[in-house]
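Source file: data.json; contents: JSON, C-alpha atoms.
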[["chain", "number", "residue", "atom", "x", "y", "z"],
["A", 1141, "MET", "CA", 98.91, 90.86, 106.08],
["A", 1142, "MET", "CA", 101.72, 93.19, 107.03],
["A", 1143, "GLY", "CA", 102.92, 96.15, 105.02],
["A", 1144, "ARG", "CA", 99.74, 96.88, 103.06],
["A", 1145, "ALA", "CA", 99.22, 100.23, 101.40],
["A", 1146, "MET", "CA", 98.23, 103.14, 103.56],
["A", 1147, "THR", "CA", 94.77, 104.62, 103.22],
["A", 1148, "ASP", "CA", 96.23, 107.73, 101.56],
["A", 1149, "SER", "CA", 97.07, 106.86, 97.97],
["A", 1150, "ASP", "CA", 100.22, 108.99, 98.11],
["A", 1151, "PRO", "CA", 102.54, 108.04, 101.00],
["A", 1152, "LEU", "CA", 104.39, 111.35, 100.70],
["A", 1153, "ARG", "CA", 101.36, 113.64, 100.70],
["A", 1154, "SER", "CA", 100.85, 113.68, 104.46],
["A", 1155, "MET", "CA", 104.53, 113.91, 105.36],
["A", 1156, "GLY", "CA", 104.86, 117.66, 104.96],
["A", 1157, "PRO", "CA", 108.04, 119.70, 104.44],
["A", 1158, "ALA", "CA", 109.60, 118.78, 107.80],
["A", 1159, "LEU", "CA", 108.51, 115.78, 109.80],
["A", 1160, "GLY", "CA", 110.55, 116.09, 112.94],
["A", 1161, "ASN", "CA", 111.09, 113.12, 115.22],
["A", 1162, "THR", "CA", 107.46, 112.17, 115.84],
["A", 1163, "TRP", "CA", 106.35, 108.67, 116.76],
["A", 1164, "LEU", "CA", 108.80, 106.26, 115.06],
["A", 1165, "THR", "CA", 109.76, 108.64, 112.25],
["A", 1166, "GLY", "CA", 113.50, 108.37, 111.65],
["A", 1167, "GLN", "CA", 113.82, 105.08, 113.52],
["A", 1168, "LEU", "CA", 114.56, 101.55, 112.32],
["A", 1169, "LEU", "CA", 112.07, 98.70, 112.49],
["A", 1170, "ILE", "CA", 113.77, 95.32, 112.93],
["A", 1171, "ALA", "CA", 111.77, 92.21, 112.10],
["A", 1172, "MET", "CA", 111.53, 89.59, 114.84],
["A", 1173, "PRO", "CA", 112.67, 86.05, 113.86],
["A", 1174, "ALA", "CA", 109.08, 84.80, 113.94],
["A", 1175, "MET", "CA", 107.87, 87.47, 111.47],
["A", 1176, "PRO", "CA", 104.81, 85.79, 109.86],
["A", 1177, "ASP", "CA", 105.02, 87.70, 106.56],
["A", 1178, "PRO", "CA", 107.86, 86.27, 104.41],
["A", 1179, "ARG", "CA", 108.16, 89.57, 102.54],
["A", 1180, "PHE", "CA", 109.56, 91.09, 105.73],
["A", 1181, "ALA", "CA", 111.64, 88.18, 107.08],
["A", 1182, "GLN", "CA", 114.83, 89.55, 108.67],
["A", 1183, "SER", "CA", 114.05, 92.97, 107.24],
["A", 1184, "VAL", "CA", 115.31, 96.30, 108.51],
["A", 1185, "ILE", "CA", 113.00, 99.18, 107.63],
["A", 1186, "TYR", "CA", 113.72, 102.89, 107.94],
["A", 1187, "ILE", "CA", 110.52, 104.68, 108.95],
["A", 1188, "CYS", "CA", 110.10, 107.81, 106.84],
["A", 1189, "SER", "CA", 106.73, 108.79, 108.27],
["A", 1190, "HIS", "CA", 104.68, 107.61, 111.25],
["A", 1191, "GLY", "CA", 101.66, 109.29, 112.76],
["A", 1192, "PRO", "CA", 97.96, 108.86, 113.49],
["A", 1193, "ASN", "CA", 97.18, 108.19, 109.82],
["A", 1194, "GLY", "CA", 99.66, 105.33, 109.47],
["A", 1195, "ALA", "CA", 103.30, 104.78, 108.58],
["A", 1196, "MET", "CA", 105.56, 104.52, 105.54],
["A", 1197, "GLY", "CA", 109.09, 103.15, 105.37],
["A", 1198, "LEU", "CA", 111.78, 101.66, 103.14],
["A", 1199, "ILE", "CA", 113.50, 98.30, 103.57],
["A", 1200, "VAL", "CA", 117.24, 99.02, 103.65],
["A", 1201, "ASN", "CA", 118.69, 95.49, 103.53],
["A", 1202, "ARG", "CA", 117.24, 93.89, 100.41],
["A", 1203, "LEU", "CA", 118.00, 94.32, 96.72],
["A", 1204, "PHE", "CA", 115.47, 94.61, 93.90],
["A", 1205, "GLY", "CA", 116.59, 91.60, 91.90],
["A", 1206, "GLU", "CA", 119.38, 92.43, 89.46],
["A", 1207, "ALA", "CA", 118.30, 96.04, 88.95],
["A", 1208, "ASP", "CA", 120.95, 98.75, 89.07],
["A", 1209, "PHE", "CA", 121.14, 102.49, 88.52],
["A", 1210, "PRO", "CA", 121.89, 102.43, 84.76],
["A", 1211, "MET", "CA", 118.97, 100.05, 84.17],
["A", 1212, "LEU", "CA", 116.68, 102.35, 86.14],
["A", 1213, "LEU", "CA", 117.76, 105.38, 84.13],
["A", 1214, "GLU", "CA", 117.23, 103.52, 80.88],
["A", 1215, "GLN", "CA", 113.71, 102.47, 81.85],
["A", 1216, "LEU", "CA", 112.86, 106.05, 82.80],
["A", 1217, "GLU", "CA", 114.46, 107.36, 79.59],
["A", 1218, "ILE", "CA", 116.76, 109.69, 81.54],
["A", 1219, "LYS", "CA", 119.59, 110.96, 79.37],
["A", 1220, "THR", "CA", 123.09, 110.62, 80.78],
["A", 1221, "ALA", "CA", 126.61, 111.61, 79.81],
["A", 1222, "GLY", "CA", 129.83, 110.16, 81.16],
["A", 1223, "ASP", "CA", 130.33, 107.47, 83.77],
["A", 1224, "LEU", "CA", 127.46, 106.58, 86.10],
["A", 1225, "PRO", "CA", 127.88, 105.70, 89.78],
["A", 1226, "ASP", "CA", 127.68, 102.01, 90.60],
["A", 1227, "LEU", "CA", 124.52, 102.08, 92.70],
["A", 1228, "PRO", "CA", 122.30, 99.11, 93.52],
["A", 1229, "VAL", "CA", 118.52, 99.40, 93.57],
["A", 1230, "HIS", "CA", 116.88, 98.20, 96.77],
["A", 1231, "PHE", "CA", 113.52, 96.53, 97.31],
["A", 1232, "GLY", "CA", 111.88, 99.23, 99.42],
["A", 1233, "GLY", "CA", 108.75, 97.21, 100.10],
["A", 1234, "PRO", "CA", 105.84, 95.44, 98.44],
["A", 1235, "VAL", "CA", 103.64, 98.49, 97.85],
["A", 1236, "GLU", "CA", 103.85, 100.27, 94.47],
["A", 1237, "VAL", "CA", 107.01, 98.44, 93.39],
["A", 1238, "GLY", "CA", 107.13, 100.49, 90.20],
["A", 1239, "ARG", "CA", 107.60, 103.67, 92.19],
["A", 1240, "GLY", "CA", 111.09, 104.93, 92.99],
["A", 1241, "PHE", "CA", 112.47, 106.63, 96.09],
["A", 1242, "VAL", "CA", 115.87, 108.02, 97.03],
["A", 1243, "LEU", "CA", 116.71, 108.12, 100.73],
["A", 1244, "HIS", "CA", 119.64, 110.48, 101.12],
["A", 1245, "SER", "CA", 121.71, 112.90, 103.16],
["A", 1246, "THR", "CA", 120.42, 116.45, 103.54],
["A", 1247, "ASP", "CA", 123.19, 118.08, 101.51],
["A", 1248, "TYR", "CA", 120.80, 117.63, 98.57],
["A", 1249, "MET", "CA", 117.54, 119.56, 99.03],
["A", 1250, "ARG", "CA", 115.33, 120.49, 96.10],
["A", 1251, "GLU", "CA", 111.65, 121.13, 95.43],
["A", 1252, "GLY", "CA", 109.84, 117.91, 96.29],
["A", 1253, "THR", "CA", 112.50, 116.76, 98.77],
["A", 1254, "ILE", "CA", 111.14, 115.93, 102.22],
["A", 1255, "ARG", "CA", 113.36, 116.39, 105.26],
["A", 1256, "ILE", "CA", 112.87, 113.51, 107.69],
["A", 1257, "ASP", "CA", 115.30, 114.73, 110.34],
["A", 1258, "ASP", "CA", 118.49, 116.80, 110.56],
["A", 1259, "HIS", "CA", 120.50, 114.23, 108.61],
["A", 1260, "ILE", "CA", 118.14, 112.31, 106.31],
["A", 1261, "SER", "CA", 115.78, 113.36, 103.53],
["A", 1262, "LEU", "CA", 113.62, 111.60, 100.95],
["A", 1263, "SER", "CA", 113.12, 112.46, 97.29],
["A", 1264, "ALA", "CA", 110.85, 110.73, 94.80],
["A", 1265, "THR", "CA", 111.37, 112.80, 91.66],
["A", 1266, "ILE", "CA", 113.00, 112.32, 88.28],
["A", 1267, "GLU", "CA", 115.15, 115.37, 89.12],
["A", 1268, "VAL", "CA", 117.05, 113.61, 91.92],
["A", 1269, "LEU", "CA", 117.90, 110.70, 89.60],
["A", 1270, "GLN", "CA", 119.10, 113.13, 86.95],
["A", 1271, "ALA", "CA", 121.23, 114.94, 89.54],
["A", 1272, "ILE", "CA", 122.81, 111.65, 90.66],
["A", 1273, "ALA", "CA", 123.50, 110.72, 87.04],
["A", 1274, "ASN", "CA", 125.18, 114.11, 86.50],
["A", 1275, "GLY", "CA", 127.35, 113.75, 89.60],
["A", 1276, "GLU", "CA", 125.36, 116.44, 91.42],
["A", 1277, "GLY", "CA", 123.41, 114.23, 93.81],
["A", 1278, "PRO", "CA", 123.70, 113.80, 97.59],
["A", 1279, "ASP", "CA", 126.83, 112.49, 99.25],
["A", 1280, "GLN", "CA", 124.99, 109.48, 100.67],
["A", 1281, "MET", "CA", 122.01, 107.81, 99.07],
["A", 1282, "MET", "CA", 119.95, 104.64, 98.78],
["A", 1283, "LEU", "CA", 117.77, 103.96, 95.75],
["A", 1284, "ALA", "CA", 114.63, 101.91, 96.27],
["A", 1285, "LEU", "CA", 111.62, 100.69, 94.32],
["A", 1286, "GLY", "CA", 108.43, 100.20, 96.32],
["A", 1287, "TYR", "CA", 107.75, 100.92, 99.97],
["A", 1288, "ALA", "CA", 106.27, 99.41, 103.10],
["A", 1289, "GLY", "CA", 103.05, 101.01, 104.33],
["A", 1290, "TRP", "CA", 100.70, 100.62, 107.29],
["A", 1291, "GLY", "CA", 97.23, 102.00, 107.89],
["A", 1292, "ALA", "CA", 96.19, 103.91, 110.99],
["A", 1293, "GLY", "CA", 97.12, 101.92, 114.10],
["A", 1294, "GLN", "CA", 98.34, 98.91, 112.10],
["A", 1295, "LEU", "CA", 102.03, 99.22, 112.92],
["A", 1296, "GLU", "CA", 101.25, 99.65, 116.60],
["A", 1297, "GLU", "CA", 99.21, 96.44, 116.54],
["A", 1298, "GLU", "CA", 102.01, 94.55, 114.82],
["A", 1299, "MET", "CA", 104.46, 95.74, 117.47],
["A", 1300, "LYS", "CA", 102.11, 94.62, 120.24],
["A", 1301, "ALA", "CA", 101.95, 91.24, 118.49],
["A", 1302, "ASN", "CA", 105.73, 90.96, 118.82],
["A", 1303, "GLY", "CA", 106.45, 91.52, 115.15],
["A", 1304, "TRP", "CA", 109.05, 94.28, 115.40],
["A", 1305, "LEU", "CA", 111.80, 95.81, 117.49],
["A", 1306, "THR", "CA", 113.00, 99.39, 117.09],
["A", 1307, "SER", "CA", 116.43, 100.98, 117.03],
["A", 1308, "ALA", "CA", 118.04, 104.30, 116.23],
["A", 1309, "ALA", "CA", 119.27, 104.58, 112.65],
["A", 1310, "ASP", "CA", 122.83, 105.32, 111.59],
["A", 1311, "ASP", "CA", 124.48, 106.04, 108.25],
["A", 1312, "ASP", "CA", 126.11, 102.62, 107.91],
["A", 1313, "LEU", "CA", 122.83, 100.78, 108.44],
["A", 1314, "LEU", "CA", 121.04, 103.05, 105.98],
["A", 1315, "PHE", "CA", 123.65, 103.47, 103.27],
["A", 1316, "GLY", "CA", 126.31, 100.80, 103.87],
["A", 1317, "PRO", "CA", 126.81, 98.10, 101.21],
["A", 1318, "ASP", "CA", 126.90, 95.04, 103.50],
["A", 1319, "LEU", "CA", 123.21, 94.17, 103.31],
["A", 1320, "GLU", "CA", 123.49, 90.58, 104.57],
["A", 1321, "THR", "CA", 124.63, 91.66, 108.04],
["A", 1322, "LYS", "CA", 122.36, 94.67, 108.54],
["A", 1323, "TRP", "CA", 119.67, 92.70, 110.36],
["A", 1324, "ALA", "CA", 122.12, 91.21, 112.87],
["A", 1325, "ARG", "CA", 123.96, 94.52, 113.24],
["A", 1326, "SER", "CA", 120.68, 96.36, 113.87],
["A", 1327, "LEU", "CA", 119.89, 93.92, 116.66],
["A", 1328, "ALA", "CA", 123.42, 94.22, 118.06],
["A", 1329, "LYS", "CA", 122.95, 98.00, 118.16],
["A", 1330, "ILE", "CA", 120.31, 97.47, 120.85],
["A", 1331, "GLY", "CA", 122.30, 94.75, 122.59],
["A", 1332, "ILE", "CA", 120.38, 91.76, 121.27],
["A", 1333, "SER", "CA", 121.56, 88.56, 119.61],
["A", 1334, "PRO", "CA", 119.16, 86.75, 117.25],
["A", 1335, "LEU", "CA", 119.66, 83.65, 119.39],
["A", 1336, "MET", "CA", 118.10, 85.50, 122.34],
["A", 1337, "LEU", "CA", 114.88, 86.17, 120.50],
["A", 1338, "SER", "CA", 111.76, 84.12, 120.01],
["A", 1339, "GLY", "CA", 108.34, 84.94, 118.69],
["A", 1340, "GLU", "CA", 106.77, 84.09, 122.02],
["A", 1341, "ALA", "CA", 108.57, 86.19, 124.63],
["A", 1342, "GLY", "CA", 108.84, 89.91, 125.15],
["A", 1343, "HIS", "CA", 107.49, 92.84, 123.24],
["A", 1344, "ALA", "CA", 109.01, 95.42, 120.96]]
When written as structure tokens, how does the structure in this file appear?
Amino acid sequence: MMGRAMTDSDPLRSMGPALGNTWLTGQLLIAMPAMPDPRFAQSVIYICSHGPNGAMGLIVNRLFGEADFPMLLEQLEIKTAGDLPDLPVHFGGPVEVGRGFVLHSTDYMREGTIRIDDHISLSATIEVLQAIANGEGPDQMMLALGYAGWGAGQLEEEMKANGWLTSAADDDLLFGPDLETKWARSLAKIGISPLMLSGEAGHA
């Protein structure tokens, strides 16, 4: 089963204050058409952490039902004043779907924020949601509930089994609103058409 929880109960604990570009950290995982796990069919996942202990990432092209930012604030009992930004809530992955994450630009950095690379950071605190509600959040952001996680060596095995391709990330693929085309656009970024792919030939 793909995307199970990592061995560490907290996916952020082992990430540290600055990850740097190690392994696939900061890259996109693109599901192959023959992906056997329906939860990840045509998914594009931004890898927030990848190392010898496993990997953690967020799906960037799927919504969490009808959830939106005001609903999330109401559930968390976060007080707001004035107009709220119209932000969707993404399905970050099947692990800990009650847990929230904000993937965002590095203009917002607070205690608890983890820098993934020079341009992207990750926050998983009530404070970042309050800042967004107050109009003091990052310039670019993606809200997500849940995450995708892999144990030590699991992602590497899935890639050997032809489950994933990889690509560099860009702001439009991470934060752009056109979710339905992100999978095809991610493939096009590495010069591949979905029609060229099969689950039998080639390796990620």
Practice item. To one decimal in Å, tell me the separation between atom CA of A:Pro1234 and atom CA of A:Glu1296. Key: 19.2 Å
Review point. Of the candidates A:Ile1187, A:Asp1311, A:Leu1305, A:Ile1266, which one gets nearest to A:Pro1334 if we count only C-alpha atoms?
Key: A:Leu1305
Check your understanding: What does the distance between atom CA of A:Leu1224 and atom CA of A:Val1242 come to in Å, to one decimal place?
Key -> 16.0 Å
Exercise for review: Work out how far atom CA of A:Gln1294 is from atom CA of A:Gly1194, in Å to one decimal.
Suggested key: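 Rounded to one decimal, the two atoms are 7.1 Å apart.
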Check your understanding: Which of these, A:Ser1245, A:Thr1265, A:Ser1333, A:Thr1321, has the shortest distance to A:Ser1183 once you count all atoms listed in the file?
Key ->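 Using all atoms listed in the file, the shortest distance to A:Ser1183 belongs to A:Thr1321.
Between A:Met1336 and the candidates A:Ala1324, A:Trp1163, A:His1230, A:Met1211, the tightest atom-to-atom separation, counting only C-alpha atoms, involves A:Ala1324.
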Check your understanding: If we count only C-alpha atoms, what is near stretch 1325-1330 of chain A at a cut-off of 12 Å, once residues fewer than 5 positions away on the same chain are taken out, given as an MDAnalysis selection string?
Key -> chainID A and resid 1167:1173 1182:1186 1200:1201 1304:1314 1316 1318:1320 1335:1337 1344
Expected file contents, prior selection, C-alpha atoms, as a compact mmCIF listing (two decimals), keeping the file's coordinate frame:
# COMPACT_ATOMS: atom_id res chain seq x y z
CA GLN A 1167 113.82 105.08 113.52
CA LEU A 1168 114.56 101.55 112.32
CA LEU A 1169 112.07 98.70 112.49
CA ILE A 1170 113.77 95.32 112.93
CA ALA A 1171 111.77 92.21 112.10
CA MET A 1172 111.53 89.59 114.84
CA PRO A 1173 112.67 86.05 113.86
CA GLN A 1182 114.83 89.55 108.67
CA SER A 1183 114.05 92.97 107.24
CA VAL A 1184 115.31 96.30 108.51
CA ILE A 1185 113.00 99.18 107.63
CA TYR A 1186 113.72 102.89 107.94
CA VAL A 1200 117.24 99.02 103.65
CA ASN A 1201 118.69 95.49 103.53
CA TRP A 1304 109.05 94.28 115.40
CA LEU A 1305 111.80 95.81 117.49
CA THR A 1306 113.00 99.39 117.09
CA SER A 1307 116.43 100.98 117.03
CA ALA A 1308 118.04 104.30 116.23
CA ALA A 1309 119.27 104.58 112.65
CA ASP A 1310 122.83 105.32 111.59
CA ASP A 1311 124.48 106.04 108.25
CA ASP A 1312 126.11 102.62 107.91
CA LEU A 1313 122.83 100.78 108.44
CA LEU A 1314 121.04 103.05 105.98
CA GLY A 1316 126.31 100.80 103.87
CA ASP A 1318 126.90 95.04 103.50
CA LEU A 1319 123.21 94.17 103.31
CA GLU A 1320 123.49 90.58 104.57
CA LEU A 1335 119.66 83.65 119.39
CA MET A 1336 118.10 85.50 122.34
CA LEU A 1337 114.88 86.17 120.50
CA ALA A 1344 109.01 95.42 120.96
Practice item. Using only C-alpha atoms, pick whichever of A:Arg1179, A:Arg1250, A:His1190, A:Arg1202 has the shortest atom-to-atom distance to A:Leu1283. Key: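 So, comparing all the options, the nearest one is A:Arg1202.
Residue nearest A:Ile1254, chosen from A:Glu1298, A:Ser1189, A:Trp1323, A:Leu1216 and counting only C-alpha atoms: A:Ser1189.
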Review point. Of the residues A:Asn1193, A:Tyr1287, A:Gly1166, A:Ala1174, which is the one nearest to A:Gly1238, using only C-alpha atoms?
Key: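 Result for the nearest residue to A:Gly1238: A:Tyr1287.
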Review point. Can you list, as a VMD selection string, every protein, DNA or RNA residue that comes within 9 Å of stretch 1269-1274 of chain A when you count only C-alpha atoms, leaving out same-chain residues fewer than 5 positions away?
Key: chain A and resid 1209 to 1210 1213 1218 to 1225 1242 1264
Mind filling out stretch 1190-1202 of chain A with N, CA and C atoms and sending it as an mmCIF file, in the frame of the given file?
data_model
loop_
_atom_site.group_PDB
_atom_site.id
_atom_site.type_symbol
_atom_site.label_atom_id
_atom_site.label_comp_id
_atom_site.auth_asym_id
_atom_site.auth_seq_id
_atom_site.Cartn_x
_atom_site.Cartn_y
_atom_site.Cartn_z
ATOM 1 N N HIS A 1190 105.530 108.375 110.351
ATOM 2 C CA HIS A 1190 104.680 107.610 111.250
ATOM 3 C C HIS A 1190 103.856 108.590 112.071
ATOM 4 N N GLY A 1191 102.555 108.407 112.023
ATOM 5 C CA GLY A 1191 101.660 109.290 112.760
ATOM 6 C C GLY A 1191 100.298 108.650 112.880
ATOM 7 N N PRO A 1192 99.299 109.428 113.268
ATOM 8 C CA PRO A 1192 97.960 108.860 113.490
ATOM 9 C C PRO A 1192 97.319 108.288 112.241
ATOM 10 N N ASN A 1193 97.774 108.697 111.055
ATOM 11 C CA ASN A 1193 97.180 108.190 109.820
ATOM 12 C C ASN A 1193 97.877 106.950 109.276
ATOM 13 N N GLY A 1194 98.955 106.520 109.930
ATOM 14 C CA GLY A 1194 99.660 105.330 109.470
ATOM 15 C C GLY A 1194 101.157 105.567 109.394
ATOM 16 N N ALA A 1195 101.832 104.713 108.661
ATOM 17 C CA ALA A 1195 103.300 104.780 108.580
ATOM 18 C C ALA A 1195 103.757 104.372 107.192
ATOM 19 N N MET A 1196 104.937 104.867 106.816
ATOM 20 C CA MET A 1196 105.560 104.520 105.540
ATOM 21 C C MET A 1196 107.044 104.379 105.779
ATOM 22 N N GLY A 1197 107.661 103.348 105.203
ATOM 23 C CA GLY A 1197 109.090 103.150 105.370
ATOM 24 C C GLY A 1197 109.697 102.422 104.193
ATOM 25 N N LEU A 1198 111.033 102.321 104.206
ATOM 26 C CA LEU A 1198 111.780 101.660 103.140
ATOM 27 C C LEU A 1198 112.664 100.569 103.743
ATOM 28 N N ILE A 1199 112.601 99.377 103.164
ATOM 29 C CA ILE A 1199 113.500 98.300 103.570
ATOM 30 C C ILE A 1199 114.907 98.666 103.092
ATOM 31 N N VAL A 1200 115.891 98.571 103.992
ATOM 32 C CA VAL A 1200 117.240 99.020 103.650
ATOM 33 C C VAL A 1200 118.219 97.857 103.476
ATOM 34 N N ASN A 1201 117.750 96.616 103.593
ATOM 35 C CA ASN A 1201 118.690 95.490 103.530
ATOM 36 C C ASN A 1201 118.278 94.417 102.516
ATOM 37 N N ARG A 1202 117.628 94.852 101.429
ATOM 38 C CA ARG A 1202 117.240 93.890 100.410
ATOM 39 C C ARG A 1202 117.330 94.535 99.027
#
